[in-house]
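> Sharing a structure here in structure tokens format.
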Amino acid sequence: MYVLTSEQMKQIDKKATSEIGIPEVVLMENAGFCVFEEIKRDLGDLKQKRIAVFCGKGNNGGDGFVVARYLLEQSDNVQIFIFDENVSASSKVFLNILKNLSANIQVLNEELLARLYHERFDIIVDGIFGIGLVRDVEGLYRKVIEYINSSEAYVYSIDIPSGVCSDTGQIKGVAVKANKTITFMYPKIGNILYPGAYLCGKLIVKDIGIPEKVVEKISTKILSREELNIEKLYRYPDTHKGDYGKVGVVAGSKFFPGASVLCANACVKSGCGLCFLFSPIESLSLHNFRNPEIITVAIESKDGVVTFEGFKQKEEFLKRLDVIAFGCGLTSSVEVEKILIHILKNFQIPIVIDADGLNVLANNKEAQTLLHEYKAPKILTPHYKEASRILSCDVSEVAKNPLDVALQLSKKFDCVCILKGARTIITDGNNIYINILGNPGMAKGGSGDVLTGIVTAILAQGYSGLDAAKLAVYLHSLSADILLERKSMQTILPSEIIENLDFAFKRVIEG
Ligand SMILES: NC(=O)C1=CN([C@@H]2O[C@H](COP(=O)(O)OP(=O)(O)OC[C@H]3O[C@@H](n4cnc5c(N)ncnc54)[C@H](O)[C@@H]3O)[C@@H](O)[C@H]2O)[C@@H](O)CC1
Ligand SMILES: [K+]
């Protein structure tokens, strides 16, 4: 499903009205009716319900007037609150209808707001701002939103909780916390990215009758099963391990042996034919004990960290493999830097760079240039902090606009970027996918190493960088979500996400 910016939605609305000829008031009527239907379906008999509908000056308020008109037919206590009599042209039509119906319409001011704190509403409909919010919310608007958030009513937001930026999901000063949000045609980015996604409560997407014809191809989509290329996962009978890719994982150190274990184990559990783990001996001792499928290659180390000389002794072997995963648990050192630079100069194998590999990129301009020029498929898997280091910006900047950051990284290195977060973003610089699966039980050290293993193994099975990234992110979070069906967020472990890939793969393949 597409995810739209406010500008894209406005263009679609505009085309529907100007090119197709559907009057704006018809769309508004449909939008308001959809919201009413949802309330009616949730609550059934509304007769005794005390309902407040807050309407702003724009078309979001107009939708609110439509909802109010339908609610008037159902409940004896519907109060409509407006900020200004001067509303948008289409909204005016519905405000006038309410006036003709002698509806209870009150213009908000400080005094009225103070009185509202003594009233009790069962339902509040939030039609203050939609996709037309342009600046921080202040003054009376702010106070009204604070009032809505303090009330115990069940809150329905129209299109998007008022105060949430529809292009980023960020709060512009203050925002409504809704129980349910009904958005129209397609979700907006602010409905999907946090904190907006949280403030939406349950998100419902409703068709308001805009023909698909006016929707041009949108490059941002929600990552769903339909978007995955699962054909290459099919295994033909007359195949052998060489057909499913040979993976080399360069990972681990005395300090983080677990990272290499998790990464390599996720690899073998994600279908690659062979997995070789290149690690210092200090890291491999833990590893050998646990994972018999993994072929270990000890790299000479100093103080528990791989050395460039040690790597060079094994590099011919690594060159013969199909895909490399580089970075998990290596630690940051000059030797690690030298190894990555050497790989980027001398190898031509698809590569996945994570953790300490990303730190090399953050610290070393030569590595950045070499990565840009590296010809084989490449995937970067930064979390927000790693992305901020590479782009030399504050992590809060990444959080404010993760879509832009993922695009920037992808373009900077001509790579596929998996920007990991509560909503992981995947992009190849043109297409953007937002992952909505997964749960906070994954917010633990080791989850990223698991994802790196999965994506590397899938890449080895003949996938493009983008398709591998999509499939891996989906499987990783689906596995955690399946675990949550019988475990708690506290107890889910990254190693269990690997074990549970059995069920995630099954669901993805069999539907
Ligand atoms: N355009 C269309 O065809 C449709 C639009 N619909 C609704 O219309 C909404 C968009 O309507 P609009 O574009 O009129 O925008 P909004 O209704 O979101 O709000 C715009 C109004 O708020 C003011 N405003 C913006 N930021 C403010 C701030 N921080 N403080 C105070 N005032 C502020 C603007 O000056 C303008 O008057 C959608 O979200 C949706 O709910 C629906 O009716 C379906 C059809
Ligand atoms: K709203």
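Every chain in the structure tokens has a letter given in the order shown (A, B, ...), and although residue numbers restart at 1 in each chain, ligands are simply numbered from 1 in the order shown.
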DSSP on the backbone, alpha helix (DSSP H) only: what residues of region 338-438 of chain A does that give? Format it as a PyMOL selection string.

chain A and resi 338-346+355-363+365-373+384-391+395-400+402-413

> Grab me every residue within 6 Å of ligand 2, counting only C-alpha atoms and all ligand atoms, and send it over as a VMD selection string.

chain A and resid 126 to 130 157 to 162

> Hey, can you check how far CA of Asn364 (chain A) sits from CA of Ala460 (chain A)?

27.6 Å

> Give the residue list for ligand 1 at 6 Å, counting only C-alpha atoms and all ligand atoms, as a PDB file with N, CA and C atoms, in the first residue's frame, sorted by chain and then by residue number.


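The resulting file, result_0.pdb, is reproduced below:
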```pdb
ATOM      1  N   LYS A  10      -2.689  16.026  -1.715  1.00  0.00           N
ATOM      2  CA  LYS A  10      -3.362  17.222  -2.250  1.00  0.00           C
ATOM      3  C   LYS A  10      -3.474  17.140  -3.775  1.00  0.00           C
ATOM      4  N   ASP A  13      -6.276  14.753  -4.601  1.00  0.00           N
ATOM      5  CA  ASP A  13      -7.568  15.426  -4.354  1.00  0.00           C
ATOM      6  C   ASP A  13      -7.873  16.401  -5.490  1.00  0.00           C
ATOM      7  N   GLU A  24     -15.467  18.873  -4.508  1.00  0.00           N
ATOM      8  CA  GLU A  24     -14.779  18.699  -3.221  1.00  0.00           C
ATOM      9  C   GLU A  24     -15.766  18.357  -2.101  1.00  0.00           C
ATOM     10  N   LEU A  27     -16.390  14.680  -1.819  1.00  0.00           N
ATOM     11  CA  LEU A  27     -15.315  13.961  -1.112  1.00  0.00           C
ATOM     12  C   LEU A  27     -15.417  14.215   0.392  1.00  0.00           C
ATOM     13  N   MET A  28     -15.740  15.444   0.721  1.00  0.00           N
ATOM     14  CA  MET A  28     -15.873  15.798   2.142  1.00  0.00           C
ATOM     15  C   MET A  28     -17.032  15.026   2.785  1.00  0.00           C
ATOM     16  N   ALA A  31     -15.901  11.515   3.231  1.00  0.00           N
ATOM     17  CA  ALA A  31     -14.920  11.401   4.313  1.00  0.00           C
ATOM     18  C   ALA A  31     -15.627  11.443   5.669  1.00  0.00           C
ATOM     19  N   LYS A  57     -10.490  25.480  10.837  1.00  0.00           N
ATOM     20  CA  LYS A  57     -10.960  26.339   9.740  1.00  0.00           C
ATOM     21  C   LYS A  57     -10.882  25.685   8.369  1.00  0.00           C
ATOM     22  N   GLY A  58     -10.048  24.675   8.248  1.00  0.00           N
ATOM     23  CA  GLY A  58      -9.803  24.074   6.937  1.00  0.00           C
ATOM     24  C   GLY A  58     -10.770  22.936   6.631  1.00  0.00           C
ATOM     25  N   ASN A  59     -10.427  22.145   5.628  1.00  0.00           N
ATOM     26  CA  ASN A  59     -11.319  21.051   5.202  1.00  0.00           C
ATOM     27  C   ASN A  59     -11.379  19.905   6.212  1.00  0.00           C
ATOM     28  N   ASN A  60     -10.372  19.788   7.055  1.00  0.00           N
ATOM     29  CA  ASN A  60     -10.457  18.774   8.115  1.00  0.00           C
ATOM     30  C   ASN A  60     -11.649  19.095   9.010  1.00  0.00           C
ATOM     31  N   GLY A  61     -11.822  20.391   9.271  1.00  0.00           N
ATOM     32  CA  GLY A  61     -12.988  20.836  10.043  1.00  0.00           C
ATOM     33  C   GLY A  61     -14.273  20.552   9.284  1.00  0.00           C
ATOM     34  N   ASP A  63     -14.842  18.061   7.271  1.00  0.00           N
ATOM     35  CA  ASP A  63     -15.158  16.637   7.509  1.00  0.00           C
ATOM     36  C   ASP A  63     -15.855  16.499   8.870  1.00  0.00           C
ATOM     37  N   PHE A 129      -6.952  19.936  12.688  1.00  0.00           N
ATOM     38  CA  PHE A 129      -6.012  20.046  11.558  1.00  0.00           C
ATOM     39  C   PHE A 129      -5.862  18.680  10.890  1.00  0.00           C
ATOM     40  N   GLY A 130      -5.733  18.708   9.582  1.00  0.00           N
ATOM     41  CA  GLY A 130      -5.425  17.488   8.840  1.00  0.00           C
ATOM     42  C   GLY A 130      -4.087  17.663   8.161  1.00  0.00           C
ATOM     43  N   ILE A 131      -4.073  17.419   6.864  1.00  0.00           N
ATOM     44  CA  ILE A 131      -2.799  17.496   6.133  1.00  0.00           C
ATOM     45  C   ILE A 131      -2.405  18.937   5.823  1.00  0.00           C
ATOM     46  N   GLY A 132      -3.222  19.888   6.262  1.00  0.00           N
ATOM     47  CA  GLY A 132      -2.910  21.295   5.976  1.00  0.00           C
ATOM     48  C   GLY A 132      -2.168  21.986   7.102  1.00  0.00           C
ATOM     49  N   LEU A 133      -1.766  21.241   8.118  1.00  0.00           N
ATOM     50  CA  LEU A 133      -1.024  21.858   9.232  1.00  0.00           C
ATOM     51  C   LEU A 133       0.322  22.361   8.712  1.00  0.00           C
ATOM     52  N   VAL A 134       0.591  23.656   8.962  1.00  0.00           N
ATOM     53  CA  VAL A 134       1.812  24.197   8.360  1.00  0.00           C
ATOM     54  C   VAL A 134       2.835  24.733   9.370  1.00  0.00           C
ATOM     55  N   ARG A 135       2.408  24.964  10.592  1.00  0.00           N
ATOM     56  CA  ARG A 135       3.364  25.514  11.565  1.00  0.00           C
ATOM     57  C   ARG A 135       3.053  24.941  12.937  1.00  0.00           C
ATOM     58  N   ASP A 136       3.876  25.295  13.916  1.00  0.00           N
ATOM     59  CA  ASP A 136       3.652  24.778  15.261  1.00  0.00           C
ATOM     60  C   ASP A 136       2.308  25.259  15.810  1.00  0.00           C
ATOM     61  N   VAL A 137       1.684  24.397  16.580  1.00  0.00           N
ATOM     62  CA  VAL A 137       0.374  24.715  17.145  1.00  0.00           C
ATOM     63  C   VAL A 137       0.568  25.571  18.400  1.00  0.00           C
ATOM     64  N   ILE A 158      -9.752  12.754  12.718  1.00  0.00           N
ATOM     65  CA  ILE A 158     -10.066  12.692  11.290  1.00  0.00           C
ATOM     66  C   ILE A 158      -8.765  12.875  10.502  1.00  0.00           C
ATOM     67  N   ASP A 159      -8.448  11.928   9.684  1.00  0.00           N
ATOM     68  CA  ASP A 159      -7.282  11.910   8.786  1.00  0.00           C
ATOM     69  C   ASP A 159      -5.957  11.712   9.533  1.00  0.00           C
TER      70      ASP A 159
END
```

> Each residue of region 367-483 of chain A with at least one atom at most 6 Å from region 489-501 of chain A should appear once, together with its nearest atom pair and the corresponding distance in Å (one decimal); atoms considered: only C-alpha atoms; ordering: chain, then increasing residue number; output as CSV.


```
residue,atom,partner,partner_atom,distance
A:Gly441,CA,A:Met489,CA,3.9
A:Gly446,CA,A:Pro494,CA,5.7
A:Ser447,CA,A:Pro494,CA,5.0
A:Ser479,CA,A:Leu501,CA,5.5
A:Ala480,CA,A:Ile497,CA,5.6
```

> From the DSSP assignment of the backbone, select every residue of region 381-508 of chain A that is strand (DSSP E), and format the answer as a PyMOL selection string.

chain A and resi 416-419+425-427+432-435

> Give me, as a ChimeraX atom specification, all polymer residues having an atom no more than 10 Å from Pro402 (chain A), counting only C-alpha atoms and skipping those fewer than 2 positions away in the same chain.

/A:168,193,384,387,396-400,404-408,419-421,423-425

> The selected residues should be written to file as a PDB file, in the first residue's frame (atoms: C-alpha atoms).


```pdb
ATOM      1  CA  THR A 168       7.216  13.206   9.060  1.00  0.00           C
ATOM      2  CA  LEU A 193       6.094   6.995  11.321  1.00  0.00           C
ATOM      3  CA  TYR A 384      19.848   6.028  13.803  1.00  0.00           C
ATOM      4  CA  ALA A 387      23.442   6.954  10.364  1.00  0.00           C
ATOM      5  CA  SER A 396      17.684  13.848  16.573  1.00  0.00           C
ATOM      6  CA  GLU A 397      17.932  14.989  12.942  1.00  0.00           C
ATOM      7  CA  VAL A 398      17.742  11.366  11.822  1.00  0.00           C
ATOM      8  CA  ALA A 399      14.724  10.745  14.052  1.00  0.00           C
ATOM      9  CA  LYS A 400      12.973  13.803  12.639  1.00  0.00           C
ATOM     10  CA  ASP A 404      15.189  11.553   3.966  1.00  0.00           C
ATOM     11  CA  VAL A 405      18.162  10.158   5.857  1.00  0.00           C
ATOM     12  CA  ALA A 406      17.759   6.706   4.339  1.00  0.00           C
ATOM     13  CA  LEU A 407      17.535   8.281   0.879  1.00  0.00           C
ATOM     14  CA  GLN A 408      20.600  10.420   1.530  1.00  0.00           C
ATOM     15  CA  LEU A 419      17.735   2.360   8.317  1.00  0.00           C
ATOM     16  CA  LYS A 420      16.838   0.393  11.444  1.00  0.00           C
ATOM     17  CA  GLY A 421      14.323   1.741  13.920  1.00  0.00           C
ATOM     18  CA  ARG A 423       9.842   1.751  11.680  1.00  0.00           C
ATOM     19  CA  THR A 424      12.691   0.412   9.594  1.00  0.00           C
ATOM     20  CA  ILE A 425      13.094   2.190   6.265  1.00  0.00           C
TER      21      ILE A 425
END
```

> Rounded to one decimal in Å, what is the spacing between CA of Asn291 (chain A) and CA of Tyr244 (chain A)?

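So the two atoms, CA of Asn291 (chain A) and CA of Tyr244 (chain A), lie 19.0 Å apart.
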
> Applying 9 Å and only C-alpha atoms, which residues near Ser477 (chain A) remain after dropping the ones on its own chain fewer than 4 positions away? List them as a list in words.

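Surrounding residues, per the criterion: Asn435, Ile436, Leu437, Gly438, Asn439, Met442, Ala472, Val473, Asp481, Ile482, Ile497 and Ala504 of chain A.
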
> Write out as a list of chain:residue names which residues come within 8 Å of Glu335 (chain A) when counting only C-alpha atoms, dropping same-chain ones fewer than 6 positions away.

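Once the adjacent positions are removed, what remains is A:Val306, A:Thr307, A:Phe308.
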
> Which one of A:Phe503, A:Tyr186, A:Tyr463, A:Tyr2 sits closest to Leu223 (chain A) if you count only C-alpha atoms?

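Ranking A:Phe503, A:Tyr186, A:Tyr463, A:Tyr2 by distance to Leu223 (chain A), first place goes to A:Tyr2.
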
> Between A:Asn96, A:Lys177, A:Asn86, A:Gly329, which one has atoms that come closest to Glu146 (chain A), using only C-alpha atoms?

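Result for the nearest residue to Glu146 (chain A): A:Lys177.
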